[in-house]
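Shown here: protein-v2.tsv, TSV, C-alpha atoms.
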```tsv
chain	number	residue	atom	x	y	z
A	1	MET	CA	-35.20	-5.00	18.62
A	2	ILE	CA	-32.71	-4.49	15.81
A	3	THR	CA	-32.38	-7.55	13.56
A	4	PHE	CA	-29.00	-8.99	12.56
A	5	ASP	CA	-29.55	-7.94	8.93
A	6	LYS	CA	-30.26	-4.37	9.92
A	7	PHE	CA	-27.24	-4.29	12.24
A	8	ASN	CA	-25.07	-5.69	9.45
A	9	ARG	CA	-26.31	-3.10	6.94
A	10	ARG	CA	-25.84	-0.25	9.39
A	11	ALA	CA	-22.32	-1.44	10.33
A	12	HIS	CA	-21.38	-1.54	6.61
A	13	LEU	CA	-22.83	1.92	6.03
A	14	TYR	CA	-21.58	3.84	9.07
A	15	LEU	CA	-18.16	2.23	9.12
A	16	GLY	CA	-17.88	2.99	5.40
A	17	LEU	CA	-18.79	6.64	5.89
A	18	PHE	CA	-16.47	7.07	8.87
A	19	LEU	CA	-13.50	5.47	7.11
A	20	MET	CA	-14.28	6.97	3.69
A	21	PRO	CA	-11.38	9.51	3.84
A	22	TRP	CA	-8.88	6.69	4.39
A	23	LEU	CA	-10.30	4.52	1.61
A	24	LEU	CA	-10.36	7.46	-0.80
A	25	MET	CA	-6.83	8.43	0.19
A	26	TYR	CA	-5.55	4.87	-0.33
A	27	GLY	CA	-7.29	4.74	-3.70
A	28	VAL	CA	-5.87	8.01	-5.00
A	29	SER	CA	-2.38	7.55	-3.53
A	30	SER	CA	-2.09	3.97	-4.84
A	31	PHE	CA	-2.63	5.34	-8.32
A	32	LEU	CA	0.30	7.71	-7.80
A	33	VAL	CA	2.45	4.88	-6.44
A	34	ILE	CA	1.61	2.56	-9.34
A	35	HIS	CA	2.39	5.23	-11.93
A	36	PRO	CA	5.68	6.84	-10.94
A	37	TRP	CA	5.63	8.87	-14.16
A	38	LEU	CA	3.03	11.15	-12.58
A	39	PRO	CA	4.50	14.52	-11.54
A	40	THR	CA	6.10	13.90	-8.15
A	41	GLU	CA	9.44	15.67	-8.65
A	42	GLU	CA	11.37	16.82	-5.58
A	43	PRO	CA	10.16	20.18	-4.24
A	44	ALA	CA	12.75	22.90	-3.74
A	45	ARG	CA	14.62	23.06	-0.41
A	46	GLU	CA	14.51	26.23	1.61
A	47	LEU	CA	17.29	26.92	4.11
A	48	LEU	CA	15.86	27.40	7.61
A	49	PHE	CA	19.13	27.92	9.47
A	50	GLU	CA	22.79	27.00	9.53
A	51	ARG	CA	24.52	27.49	12.85
A	52	ALA	CA	27.28	26.35	15.17
A	53	TYR	CA	26.07	23.44	17.27
A	54	SER	CA	27.82	21.18	19.69
A	55	ARG	CA	26.51	17.97	21.17
A	56	THR	CA	28.24	14.72	21.98
A	57	VAL	CA	26.20	12.07	20.20
A	58	ASN	CA	26.48	8.32	19.94
A	59	ILE	CA	26.12	7.46	16.28
A	60	GLN	CA	26.93	3.79	16.60
A	61	GLY	CA	24.67	1.07	15.27
A	62	ARG	CA	22.58	0.76	12.14
A	63	ASP	CA	20.73	3.56	10.37
A	64	ASN	CA	17.54	4.45	12.27
A	65	GLY	CA	18.55	1.96	14.99
A	66	PRO	CA	17.79	2.67	18.69
A	67	GLU	CA	21.19	4.33	19.44
A	68	MET	CA	21.04	6.60	16.43
A	69	ARG	CA	17.39	7.49	17.07
A	70	ALA	CA	18.22	8.47	20.67
A	71	ALA	CA	20.98	10.79	19.39
A	72	ALA	CA	18.68	12.28	16.76
A	73	GLN	CA	15.90	12.85	19.27
A	74	GLU	CA	18.22	15.01	21.39
A	75	ILE	CA	19.08	17.19	18.39
A	76	ILE	CA	15.41	17.46	17.37
A	77	LYS	CA	14.51	18.48	20.92
A	78	ASP	CA	17.20	21.19	20.92
A	79	CYS	CA	15.60	22.60	17.75
A	80	ASN	CA	12.03	22.41	19.14
A	81	LEU	CA	11.03	20.17	16.27
A	82	GLU	CA	9.72	17.09	18.11
A	83	GLY	CA	7.71	14.63	16.03
A	84	ALA	CA	8.10	11.80	13.53
A	85	PHE	CA	11.57	11.27	12.05
A	86	TRP	CA	14.05	8.94	10.38
A	87	VAL	CA	17.78	9.10	10.90
A	88	ARG	CA	20.78	7.81	9.03
A	89	LYS	CA	24.52	8.27	8.84
A	90	PRO	CA	25.48	9.22	5.25
A	91	ASN	CA	29.18	9.24	6.28
A	92	PRO	CA	31.09	8.63	9.55
A	93	ASP	CA	31.23	12.36	10.24
A	94	SER	CA	27.60	13.38	10.00
A	95	LEU	CA	24.08	12.56	11.06
A	96	TYR	CA	21.15	13.15	8.73
A	97	ILE	CA	17.71	13.50	10.32
A	98	GLU	CA	14.50	13.72	8.35
A	99	ARG	CA	11.76	15.22	10.49
A	100	PHE	CA	8.57	14.70	8.51
A	101	SER	CA	4.93	15.63	8.64
A	102	PHE	CA	2.14	15.33	6.07
A	103	ARG	CA	2.85	18.86	4.88
A	104	ASP	CA	6.61	19.11	4.77
A	105	THR	CA	10.00	17.60	5.54
A	106	ILE	CA	12.66	19.31	7.58
A	107	SER	CA	16.12	17.84	7.05
A	108	LEU	CA	18.68	18.37	9.77
A	109	THR	CA	22.31	17.67	8.95
A	110	TYR	CA	24.73	17.64	11.86
A	111	SER	CA	28.39	17.70	10.94
A	112	ILE	CA	30.24	16.31	13.96
A	113	THR	CA	33.73	17.46	12.88
A	114	ASP	CA	32.65	21.00	11.90
A	115	GLN	CA	30.15	21.19	14.79
A	116	ARG	CA	27.55	22.71	12.50
A	117	LEU	CA	23.85	22.07	12.16
A	118	THR	CA	21.94	22.85	8.99
A	119	ALA	CA	18.15	22.75	8.63
A	120	GLU	CA	16.28	22.80	5.32
A	121	ARG	CA	12.55	22.60	4.66
A	122	GLN	CA	10.77	21.02	1.71
A	123	THR	CA	7.08	21.90	1.43
A	124	LEU	CA	5.33	18.96	-0.20
A	125	ARG	CA	3.11	19.17	-3.25
A	126	TRP	CA	-0.34	17.51	-3.22
A	127	PRO	CA	0.75	14.26	-4.94
A	128	GLN	CA	3.55	13.88	-2.39
A	129	VAL	CA	1.17	14.53	0.49
A	130	ALA	CA	-1.05	11.72	-0.83
A	131	VAL	CA	1.89	9.32	-1.17
A	132	ARG	CA	3.12	10.16	2.33
A	133	LEU	CA	-0.37	9.54	3.74
A	134	HIS	CA	-0.28	6.16	1.99
A	135	PHE	CA	3.03	5.01	3.45
A	136	ARG	CA	2.71	6.34	6.97
A	137	VAL	CA	1.56	3.75	9.50
A	138	GLY	CA	2.56	5.69	12.60
A	139	THR	CA	3.14	2.89	15.07
A	140	ASP	CA	6.94	3.20	14.82
A	141	GLN	CA	7.09	6.90	15.72
A	142	PRO	CA	7.33	8.55	19.14
A	143	THR	CA	4.44	11.02	19.64
A	144	LEU	CA	0.84	10.32	20.70
A	145	GLY	CA	-0.48	11.81	17.45
A	146	ASN	CA	1.53	9.25	15.47
A	147	LYS	CA	0.33	6.38	17.66
A	148	LEU	CA	-3.29	7.50	17.15
A	149	TRP	CA	-2.75	7.72	13.39
A	150	GLY	CA	-1.39	4.16	13.55
A	151	LEU	CA	-4.52	3.12	15.41
A	152	LEU	CA	-6.72	4.65	12.70
A	153	VAL	CA	-4.73	2.86	9.97
A	154	ASN	CA	-5.36	-0.41	11.87
A	155	LEU	CA	-9.03	0.50	12.13
A	156	ALA	CA	-9.17	1.14	8.37
A	157	CYS	CA	-7.72	-2.35	7.75
A	158	ILE	CA	-10.15	-3.99	10.15
A	159	GLY	CA	-12.90	-1.88	8.56
A	160	ILE	CA	-12.06	-3.31	5.13
A	161	ILE	CA	-12.29	-6.85	6.53
A	162	ILE	CA	-15.67	-6.02	8.12
A	163	TRP	CA	-16.91	-4.51	4.81
A	164	ILE	CA	-15.99	-7.71	3.02
A	165	ALA	CA	-17.75	-9.89	5.60
A	166	SER	CA	-20.84	-7.65	5.88
A	167	GLY	CA	-20.96	-7.21	2.09
A	168	LEU	CA	-20.93	-10.98	1.60
A	169	ILE	CA	-23.72	-11.40	4.15
A	170	MET	CA	-25.82	-8.65	2.50
A	171	TRP	CA	-25.38	-10.25	-0.90
A	172	TRP	CA	-26.34	-13.72	0.41
A	173	ARG	CA	-29.52	-12.31	1.95
A	174	LEU	CA	-30.67	-11.10	-1.48
A	175	PRO	CA	-31.86	-14.33	-3.16
A	176	ARG	CA	-32.34	-12.74	-6.60
A	177	PHE	CA	-28.64	-11.75	-6.77
A	178	ARG	CA	-27.28	-14.98	-5.39
A	179	ALA	CA	-26.40	-16.52	-8.76
A	180	TRP	CA	-24.74	-13.45	-10.31
A	181	GLY	CA	-23.09	-12.61	-7.01
A	182	ALA	CA	-21.66	-16.12	-6.84
A	183	VAL	CA	-20.23	-15.60	-10.33
A	184	ALA	CA	-18.59	-12.35	-9.16
A	185	VAL	CA	-17.21	-13.85	-5.92
A	186	GLY	CA	-16.09	-17.07	-7.61
A	187	GLY	CA	-14.62	-15.20	-10.59
A	188	GLY	CA	-12.71	-12.87	-8.27
A	189	ILE	CA	-11.29	-15.70	-6.17
A	190	VAL	CA	-10.30	-17.79	-9.21
A	191	PHE	CA	-8.73	-14.82	-11.02
A	192	PHE	CA	-6.85	-13.78	-7.88
A	193	LEU	CA	-5.55	-17.29	-7.17
A	194	LEU	CA	-4.58	-17.77	-10.79
A	195	LEU	CA	-2.55	-14.57	-10.73
A	196	VAL	CA	-0.96	-15.44	-7.38
A	197	TRP	CA	-0.02	-18.83	-8.73
A	198	THR	CA	1.41	-17.60	-12.02
A	199	VAL	CA	3.00	-14.15	-11.49
B	1	MET	CA	-53.29	25.62	-14.60
B	2	GLY	CA	-54.35	22.01	-14.17
B	3	ALA	CA	-52.48	21.03	-17.34
B	4	ARG	CA	-49.38	22.85	-16.13
B	5	THR	CA	-49.50	20.97	-12.79
B	6	ALA	CA	-49.92	17.67	-14.60
B	7	ALA	CA	-46.95	18.41	-16.86
B	8	GLY	CA	-44.85	19.39	-13.81
B	9	GLY	CA	-45.88	16.14	-12.10
B	10	VAL	CA	-44.80	14.09	-15.11
B	11	THR	CA	-41.41	15.87	-15.22
B	12	LYS	CA	-40.88	15.27	-11.50
B	13	ALA	CA	-41.86	11.60	-11.84
B	14	THR	CA	-39.47	11.17	-14.80
B	15	THR	CA	-36.62	12.83	-12.88
B	16	GLU	CA	-37.28	10.56	-9.89
B	17	SER	CA	-37.42	7.52	-12.12
B	18	ILE	CA	-34.04	8.42	-13.70
B	19	GLY	CA	-32.65	9.12	-10.21
B	20	SER	CA	-33.82	5.79	-8.78
B	21	LYS	CA	-32.62	3.89	-11.88
B	22	THR	CA	-29.18	5.51	-11.53
B	23	ALA	CA	-29.15	4.73	-7.80
B	24	ARG	CA	-30.03	1.10	-8.52
B	25	LEU	CA	-27.28	0.85	-11.15
B	26	VAL	CA	-24.72	2.42	-8.81
B	27	ARG	CA	-25.78	0.01	-6.01
B	28	ARG	CA	-25.34	-2.96	-8.34
B	29	ILE	CA	-21.89	-1.81	-9.51
B	30	HIS	CA	-20.93	-1.12	-5.88
B	31	MET	CA	-22.00	-4.64	-4.88
B	32	PHE	CA	-20.66	-6.67	-7.81
B	33	THR	CA	-17.27	-4.93	-7.95
B	34	GLY	CA	-17.05	-5.39	-4.18
B	35	LEU	CA	-17.74	-9.11	-4.49
B	36	PHE	CA	-15.28	-9.56	-7.34
B	37	LEU	CA	-12.46	-7.56	-5.74
B	38	ALA	CA	-12.92	-8.96	-2.22
B	39	PRO	CA	-9.71	-11.09	-2.43
B	40	TRP	CA	-7.61	-8.05	-3.40
B	41	MET	CA	-9.07	-5.93	-0.59
B	42	MET	CA	-8.59	-8.73	1.94
B	43	MET	CA	-4.95	-9.06	0.84
B	44	TYR	CA	-4.37	-5.28	1.11
B	45	ALA	CA	-6.00	-5.09	4.55
B	46	LEU	CA	-4.04	-8.04	5.96
B	47	SER	CA	-0.75	-6.99	4.39
B	48	THR	CA	-1.09	-3.43	5.74
B	49	LEU	CA	-1.59	-4.87	9.22
B	50	VAL	CA	1.48	-7.07	8.72
B	51	MET	CA	3.60	-4.11	7.60
B	52	ALA	CA	2.33	-1.83	10.37
B	53	HIS	CA	3.27	-4.45	12.99
B	54	ARG	CA	6.37	-5.89	11.33
B	55	GLU	CA	8.36	-6.29	14.55
B	56	PHE	CA	5.52	-8.01	16.38
B	57	ILE	CA	4.84	-10.38	13.46
B	58	GLY	CA	8.58	-11.01	13.12
B	59	SER	CA	8.76	-12.15	16.74
B	60	PHE	CA	6.83	-15.30	15.77
B	61	TYR	CA	9.66	-16.38	13.45
B	62	SER	CA	13.16	-17.51	14.35
B	63	SER	CA	14.86	-15.55	11.54
B	64	GLU	CA	14.34	-12.14	9.95
B	65	ASN	CA	13.99	-13.55	6.43
B	66	PRO	CA	12.56	-16.89	5.28
B	67	ALA	CA	15.13	-19.64	4.82
B	68	LEU	CA	16.32	-20.67	1.35
B	69	ILE	CA	16.06	-24.37	0.57
B	70	THR	CA	18.23	-25.83	-2.21
B	71	GLU	CA	15.82	-27.19	-4.78
B	72	ARG	CA	18.31	-28.55	-7.29
B	73	GLU	CA	21.85	-28.15	-8.60
B	74	LEU	CA	22.78	-28.86	-12.18
B	75	ASN	CA	25.52	-28.53	-14.75
B	76	TYR	CA	25.00	-25.78	-17.26
B	77	SER	CA	27.10	-25.92	-20.38
B	78	ARG	CA	25.76	-23.03	-22.47
B	79	SER	CA	28.49	-20.49	-23.24
B	80	PHE	CA	27.91	-16.80	-23.77
B	81	ALA	CA	29.82	-14.33	-25.93
B	82	THR	CA	31.92	-11.87	-23.94
B	83	ASN	CA	29.75	-8.94	-25.01
B	84	THR	CA	26.53	-10.55	-23.74
B	85	THR	CA	24.99	-8.47	-20.96
B	86	ARG	CA	24.19	-10.13	-17.64
B	87	GLU	CA	20.49	-9.32	-18.21
B	88	GLU	CA	20.59	-11.29	-21.48
B	89	ILE	CA	22.39	-14.17	-19.77
B	90	ALA	CA	19.83	-14.19	-16.96
B	91	ARG	CA	16.92	-14.23	-19.39
B	92	GLN	CA	18.46	-17.13	-21.34
B	93	ILE	CA	19.11	-19.13	-18.16
B	94	LEU	CA	15.53	-18.62	-17.01
B	95	LYS	CA	14.25	-19.74	-20.42
B	96	ASP	CA	16.47	-22.85	-20.32
B	97	LEU	CA	15.19	-23.68	-16.84
B	98	ALA	CA	11.56	-23.04	-17.87
B	99	LEU	CA	11.41	-20.37	-15.17
B	100	ASP	CA	11.02	-17.28	-17.36
B	101	GLY	CA	9.29	-14.39	-15.63
B	102	ALA	CA	9.81	-11.23	-13.56
B	103	HIS	CA	13.30	-11.15	-12.09
B	104	SER	CA	16.21	-8.99	-10.99
B	105	VAL	CA	19.92	-9.61	-11.56
B	106	SER	CA	23.00	-9.00	-9.41
B	107	GLY	CA	26.64	-10.14	-9.42
B	108	GLY	CA	28.06	-11.66	-12.58
B	109	ARG	CA	30.95	-9.19	-12.78
B	110	ASP	CA	34.70	-9.77	-12.36
B	111	GLY	CA	34.23	-13.53	-12.21
B	112	SER	CA	31.62	-13.45	-9.42
B	113	PRO	CA	28.60	-15.75	-9.82
B	114	LEU	CA	25.50	-14.30	-11.48
B	115	VAL	CA	22.55	-14.20	-9.08
B	116	ILE	CA	18.99	-14.09	-10.43
B	117	GLN	CA	16.13	-13.35	-8.08
B	118	ARG	CA	13.11	-14.87	-9.79
B	119	GLN	CA	10.27	-12.82	-8.35
B	120	SER	CA	7.13	-14.74	-7.77
B	121	ALA	CA	4.20	-14.53	-5.38
B	122	LEU	CA	4.86	-18.16	-4.45
B	123	PRO	CA	7.55	-19.35	-4.27
B	124	GLN	CA	10.38	-16.83	-4.77
B	125	ARG	CA	13.56	-18.44	-6.15
B	126	ARG	CA	17.27	-17.57	-6.23
B	127	ILE	CA	19.24	-18.93	-9.15
B	128	THR	CA	23.03	-18.74	-8.94
B	129	PHE	CA	25.09	-19.30	-12.06
B	130	ASP	CA	28.78	-19.93	-11.50
B	131	ALA	CA	30.27	-19.59	-15.01
B	132	SER	CA	33.75	-20.79	-13.91
B	133	LYS	CA	32.32	-24.15	-12.76
B	134	GLY	CA	29.49	-24.33	-15.29
B	135	ARG	CA	27.04	-24.96	-12.42
B	136	ILE	CA	23.64	-23.61	-11.54
B	137	SER	CA	22.01	-23.85	-8.15
B	138	ILE	CA	18.32	-23.16	-7.60
B	139	GLU	CA	17.12	-22.24	-4.15
B	140	ARG	CA	13.47	-21.82	-3.16
B	141	GLU	CA	12.35	-19.51	-0.41
B	142	GLU	CA	10.44	-21.16	2.41
B	143	PHE	CA	6.80	-20.01	2.48
B	144	ARG	CA	6.00	-17.39	5.09
B	145	ALA	CA	2.51	-15.85	5.13
B	146	SER	CA	3.72	-12.39	6.21
B	147	THR	CA	6.37	-12.25	3.47
B	148	PHE	CA	3.85	-13.41	0.90
B	149	LEU	CA	1.33	-10.72	1.91
B	150	GLU	CA	3.94	-7.97	1.96
B	151	ARG	CA	5.23	-9.01	-1.45
B	152	MET	CA	1.74	-9.03	-2.94
B	153	HIS	CA	1.06	-5.61	-1.48
B	154	ARG	CA	4.19	-4.11	-3.02
B	155	ARG	CA	3.75	-5.79	-6.37
B	156	ARG	CA	2.24	-3.33	-8.82
B	157	GLY	CA	3.05	-4.85	-12.21
B	158	TYR	CA	4.09	-2.98	-15.37
B	159	GLN	CA	7.82	-2.98	-14.44
B	160	HIS	CA	8.68	-6.19	-16.30
B	161	PRO	CA	8.19	-7.21	-19.92
B	162	TYR	CA	5.73	-10.02	-19.11
B	163	ALA	CA	2.02	-10.08	-19.94
B	164	LEU	CA	1.15	-11.76	-16.62
B	165	GLU	CA	2.84	-8.94	-14.74
B	166	ASP	CA	0.76	-6.43	-16.68
B	167	THR	CA	-2.38	-8.44	-15.92
B	168	TRP	CA	-1.60	-8.22	-12.21
B	169	GLY	CA	-0.92	-4.49	-12.65
B	170	PHE	CA	-4.29	-4.09	-14.34
B	171	SER	CA	-6.07	-5.94	-11.52
B	172	VAL	CA	-4.39	-3.65	-8.97
B	173	GLU	CA	-5.50	-0.65	-10.98
B	174	LEU	CA	-9.04	-2.00	-11.02
B	175	ALA	CA	-8.94	-2.31	-7.23
B	176	VAL	CA	-7.62	1.25	-6.93
B	177	VAL	CA	-10.37	2.68	-9.16
B	178	ALA	CA	-12.95	0.60	-7.28
B	179	MET	CA	-11.76	1.99	-3.93
B	180	THR	CA	-12.32	5.52	-5.17
B	181	PHE	CA	-15.69	4.54	-6.64
B	182	TRP	CA	-16.85	2.79	-3.41
B	183	SER	CA	-15.95	5.87	-1.39
B	184	LEU	CA	-17.87	8.30	-3.56
B	185	SER	CA	-20.80	6.03	-4.43
B	186	GLY	CA	-21.08	5.06	-0.75
B	187	ILE	CA	-21.69	8.69	0.22
B	188	TRP	CA	-24.27	9.10	-2.52
B	189	LEU	CA	-26.08	5.86	-1.68
B	190	ALA	CA	-26.11	6.72	2.02
B	191	TRP	CA	-27.60	10.12	1.19
B	192	LYS	CA	-30.42	8.38	-0.69
B	193	ILE	CA	-31.53	6.54	2.48
B	194	ARG	CA	-33.54	9.12	4.42
B	195	THR	CA	-33.69	7.17	7.70
B	196	THR	CA	-29.91	6.98	8.07
B	197	ARG	CA	-29.06	10.39	6.62
B	198	MET	CA	-28.42	12.16	9.91
B	199	TRP	CA	-26.26	9.48	11.53
B	200	GLY	CA	-24.54	8.84	8.23
B	201	ALA	CA	-23.67	12.52	7.87
B	202	LEU	CA	-22.35	12.48	11.44
B	203	ALA	CA	-20.16	9.41	10.79
B	204	LEU	CA	-18.78	11.02	7.63
B	205	ALA	CA	-18.18	14.37	9.34
B	206	VAL	CA	-16.36	12.73	12.28
B	207	GLY	CA	-14.23	10.67	9.88
B	208	LEU	CA	-13.39	13.67	7.73
B	209	GLY	CA	-12.70	15.82	10.77
B	210	LEU	CA	-10.32	13.29	12.30
B	211	PHE	CA	-8.54	12.73	9.00
B	212	ALA	CA	-8.09	16.47	8.43
B	213	LEU	CA	-6.94	17.00	12.02
B	214	PHE	CA	-4.23	14.36	11.70
B	215	ALA	CA	-3.19	15.56	8.25
B	216	ILE	CA	-2.63	19.04	9.67
B	217	LEU	CA	-1.19	18.18	13.06
B	218	ILE	CA	1.22	15.31	12.60
```

Here is the file; what I need is its structure written in the form of structure tokens.
Amino acid sequence: MITFDKFNRRAHLYLGLFLMPWLLMYGVSSFLVIHPWLPTEEPARELLFERAYSRTVNIQGRDNGPEMRAAAQEIIKDCNLEGAFWVRKPNPDSLYIERFSFRDTISLTYSITDQRLTAERQTLRWPQVAVRLHFRVGTDQPTLGNKLWGLLVNLACIGIIIWIASGLIMWWRLPRFRAWGAVAVGGGIVFFLLLVWTV
Amino acid sequence: MGARTAAGGVTKATTESIGSKTARLVRRIHMFTGLFLAPWMMMYALSTLVMAHREFIGSFYSSENPALITERELNYSRSFATNTTREEIARQILKDLALDGAHSVSGGRDGSPLVIQRQSALPQRRITFDASKGRISIEREEFRASTFLERMHRRRGYQHPYALEDTWGFSVELAVVAMTFWSLSGIWLAWKIRTTRMWGALALAVGLGLFALFAILI
């Protein structure tokens, strides 16, 4: 029968290997977020289409609110571009939809007065892909793929908590590292609390 | 022939010894950095969960933002030259109140009161200076665990001219480097354990496959 120690070690190992891409992504992307001076300039926009378009839409409510999202979803559907998006109203006459993926962003601008719809694509560069992976949690977007991504982000968070717990147990079961490990754990907690208290 | 075999054996043994010493060192670094940075990782994991489920977490509270409680109100008689910028005024006020630290400034133009948001992990404060009345009011934000976690998550340091801010920034950077190191050293350490190699490779392949699939599809 598998012992608790062995189970704990295996859980730490396999969970770590399974979630490694997320941990690595969060590590690399955090570095880009912390240092905004790194090259993340806006990629060029490429015009996909500009055409006459007519749809009665309700653009009441706040930016990205339920009413506005419902209106945006209809436009996105008409363009066969279903997926994750944000929507806002830059002025009372138009609706700006940002349909995004990890590779690119397609911006749709619908001018209600002119009855015109413009679509532009921005293909992301690698640093921007990493930053987008970092910020995307998925749970607030409509498709199944987004919901599953959200689930994996949750799993990565729970995985980190399990790593901490299993790591602490593994350390405690190694008597020769108990003293130095206690210094590391205690030092980390004190340093963290000190910073929380003072910054 | 025998001498050549012996020499080859010594070389192999030396290589193994260097390999196992390196593996031991990497394991130790993996463990001790993990133990030291556990509070940071716990904070990042919990705060990500809070941010991913903001609406659900928010449903436990009666208001969207934490309430502001008036801490104290006082007269403030210091006068400032007309060419003093509002940032300079804010910094001086914070120094006078012994509250110097990371902050942002708003208002203070066309006779409107100057509002200083004194950023802090706990507790965040709002200081309002009404120059026409010579009064300062200090409000403290009520503690809310979700707000605290979110604020800590977003705080990256280096944006303000304070050494403590930079220290926090450095600790975040350490956590970021450690995350990358744990990922890569974890693969290497797992590869060193023969008994778990196959299942470990499978776990890694499934994780990588899923990650790539989502990165391409959504």

Could I get the residues of chain A with an atom no further than 6 Å from an atom of chain B, each paired with its nearest atom pair and that distance in Å to one decimal, using all atoms listed in the file, sorted by chain and residue number, as JSON lines?
```
{"residue": "A:Tyr14", "atom": "CA", "partner": "B:Gly200", "partner_atom": "CA", "distance": 5.9}
{"residue": "A:Leu17", "atom": "CA", "partner": "B:Leu204", "partner_atom": "CA", "distance": 4.7}
{"residue": "A:Phe18", "atom": "CA", "partner": "B:Gly207", "partner_atom": "CA", "distance": 4.4}
{"residue": "A:Leu19", "atom": "CA", "partner": "B:Gly207", "partner_atom": "CA", "distance": 5.9}
{"residue": "A:Met20", "atom": "CA", "partner": "B:Ser183", "partner_atom": "CA", "distance": 5.5}
{"residue": "A:Leu24", "atom": "CA", "partner": "B:Thr180", "partner_atom": "CA", "distance": 5.2}
{"residue": "A:Gly27", "atom": "CA", "partner": "B:Val176", "partner_atom": "CA", "distance": 4.8}
{"residue": "A:Ile34", "atom": "CA", "partner": "B:Arg156", "partner_atom": "CA", "distance": 5.9}
{"residue": "A:Ser101", "atom": "CA", "partner": "B:Ile218", "partner_atom": "CA", "distance": 5.4}
{"residue": "A:Phe102", "atom": "CA", "partner": "B:Ala215", "partner_atom": "CA", "distance": 5.8}
{"residue": "A:Val137", "atom": "CA", "partner": "B:Ala52", "partner_atom": "CA", "distance": 5.7}
{"residue": "A:Cys157", "atom": "CA", "partner": "B:Ala45", "partner_atom": "CA", "distance": 4.6}
{"residue": "A:Ala184", "atom": "CA", "partner": "B:Phe36", "partner_atom": "CA", "distance": 4.7}
{"residue": "A:Val185", "atom": "CA", "partner": "B:Phe36", "partner_atom": "CA", "distance": 4.9}
{"residue": "A:Gly188", "atom": "CA", "partner": "B:Phe36", "partner_atom": "CA", "distance": 4.3}
{"residue": "A:Val196", "atom": "CA", "partner": "B:Ala121", "partner_atom": "CA", "distance": 5.6}
{"residue": "A:Val199", "atom": "CA", "partner": "B:Ser120", "partner_atom": "CA", "distance": 5.6}
```

Notebook entry, point to check: Could you state the separation of atom CA of B:Arg118 and atom CA of B:Ser79 in Å, given to one decimal place?
Noted result: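 Atom-to-atom, atom CA of B:Arg118 and atom CA of B:Ser79 are spaced 21.2 Å apart.
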
Applying 12 Å and only C-alpha atoms, which residues near stretch 55-70 of chain A remain after dropping the ones on its own chain fewer than 2 positions away? List them as an mmCIF file with C-alpha atoms, keeping the file's coordinate frame.
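Result went into result.cif, see below:
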```cif
data_model
loop_
_atom_site.group_PDB
_atom_site.id
_atom_site.type_symbol
_atom_site.label_atom_id
_atom_site.label_comp_id
_atom_site.auth_asym_id
_atom_site.auth_seq_id
_atom_site.Cartn_x
_atom_site.Cartn_y
_atom_site.Cartn_z
ATOM 1 C CA ALA A 52 27.280 26.350 15.170
ATOM 2 C CA TYR A 53 26.070 23.440 17.270
ATOM 3 C CA ALA A 72 18.680 12.280 16.760
ATOM 4 C CA GLN A 73 15.900 12.850 19.270
ATOM 5 C CA GLU A 74 18.220 15.010 21.390
ATOM 6 C CA ILE A 75 19.080 17.190 18.390
ATOM 7 C CA ILE A 76 15.410 17.460 17.370
ATOM 8 C CA LYS A 77 14.510 18.480 20.920
ATOM 9 C CA ASP A 78 17.200 21.190 20.920
ATOM 10 C CA ALA A 84 8.100 11.800 13.530
ATOM 11 C CA PHE A 85 11.570 11.270 12.050
ATOM 12 C CA TRP A 86 14.050 8.940 10.380
ATOM 13 C CA VAL A 87 17.780 9.100 10.900
ATOM 14 C CA ARG A 88 20.780 7.810 9.030
ATOM 15 C CA LYS A 89 24.520 8.270 8.840
ATOM 16 C CA PRO A 90 25.480 9.220 5.250
ATOM 17 C CA ASN A 91 29.180 9.240 6.280
ATOM 18 C CA PRO A 92 31.090 8.630 9.550
ATOM 19 C CA ASP A 93 31.230 12.360 10.240
ATOM 20 C CA SER A 94 27.600 13.380 10.000
ATOM 21 C CA LEU A 95 24.080 12.560 11.060
ATOM 22 C CA TYR A 96 21.150 13.150 8.730
ATOM 23 C CA ILE A 97 17.710 13.500 10.320
ATOM 24 C CA GLU A 98 14.500 13.720 8.350
ATOM 25 C CA ARG A 99 11.760 15.220 10.490
ATOM 26 C CA TYR A 110 24.730 17.640 11.860
ATOM 27 C CA SER A 111 28.390 17.700 10.940
ATOM 28 C CA ILE A 112 30.240 16.310 13.960
ATOM 29 C CA THR A 113 33.730 17.460 12.880
ATOM 30 C CA ASP A 114 32.650 21.000 11.900
ATOM 31 C CA GLN A 115 30.150 21.190 14.790
ATOM 32 C CA ARG A 116 27.550 22.710 12.500
ATOM 33 C CA LEU A 117 23.850 22.070 12.160
ATOM 34 C CA ASP A 140 6.940 3.200 14.820
ATOM 35 C CA GLN A 141 7.090 6.900 15.720
ATOM 36 C CA PRO A 142 7.330 8.550 19.140
#
```

Margin query: Which residue is closest to A:Leu23? Choose from A:Gly159, A:Gly186, A:Gly181, A:Gly167 and count all atoms listed in the file.
Written below: A:Gly159

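Of note, atom CA of A:His134 and atom CA of A:Ser30 are spaced 7.4 Å apart.
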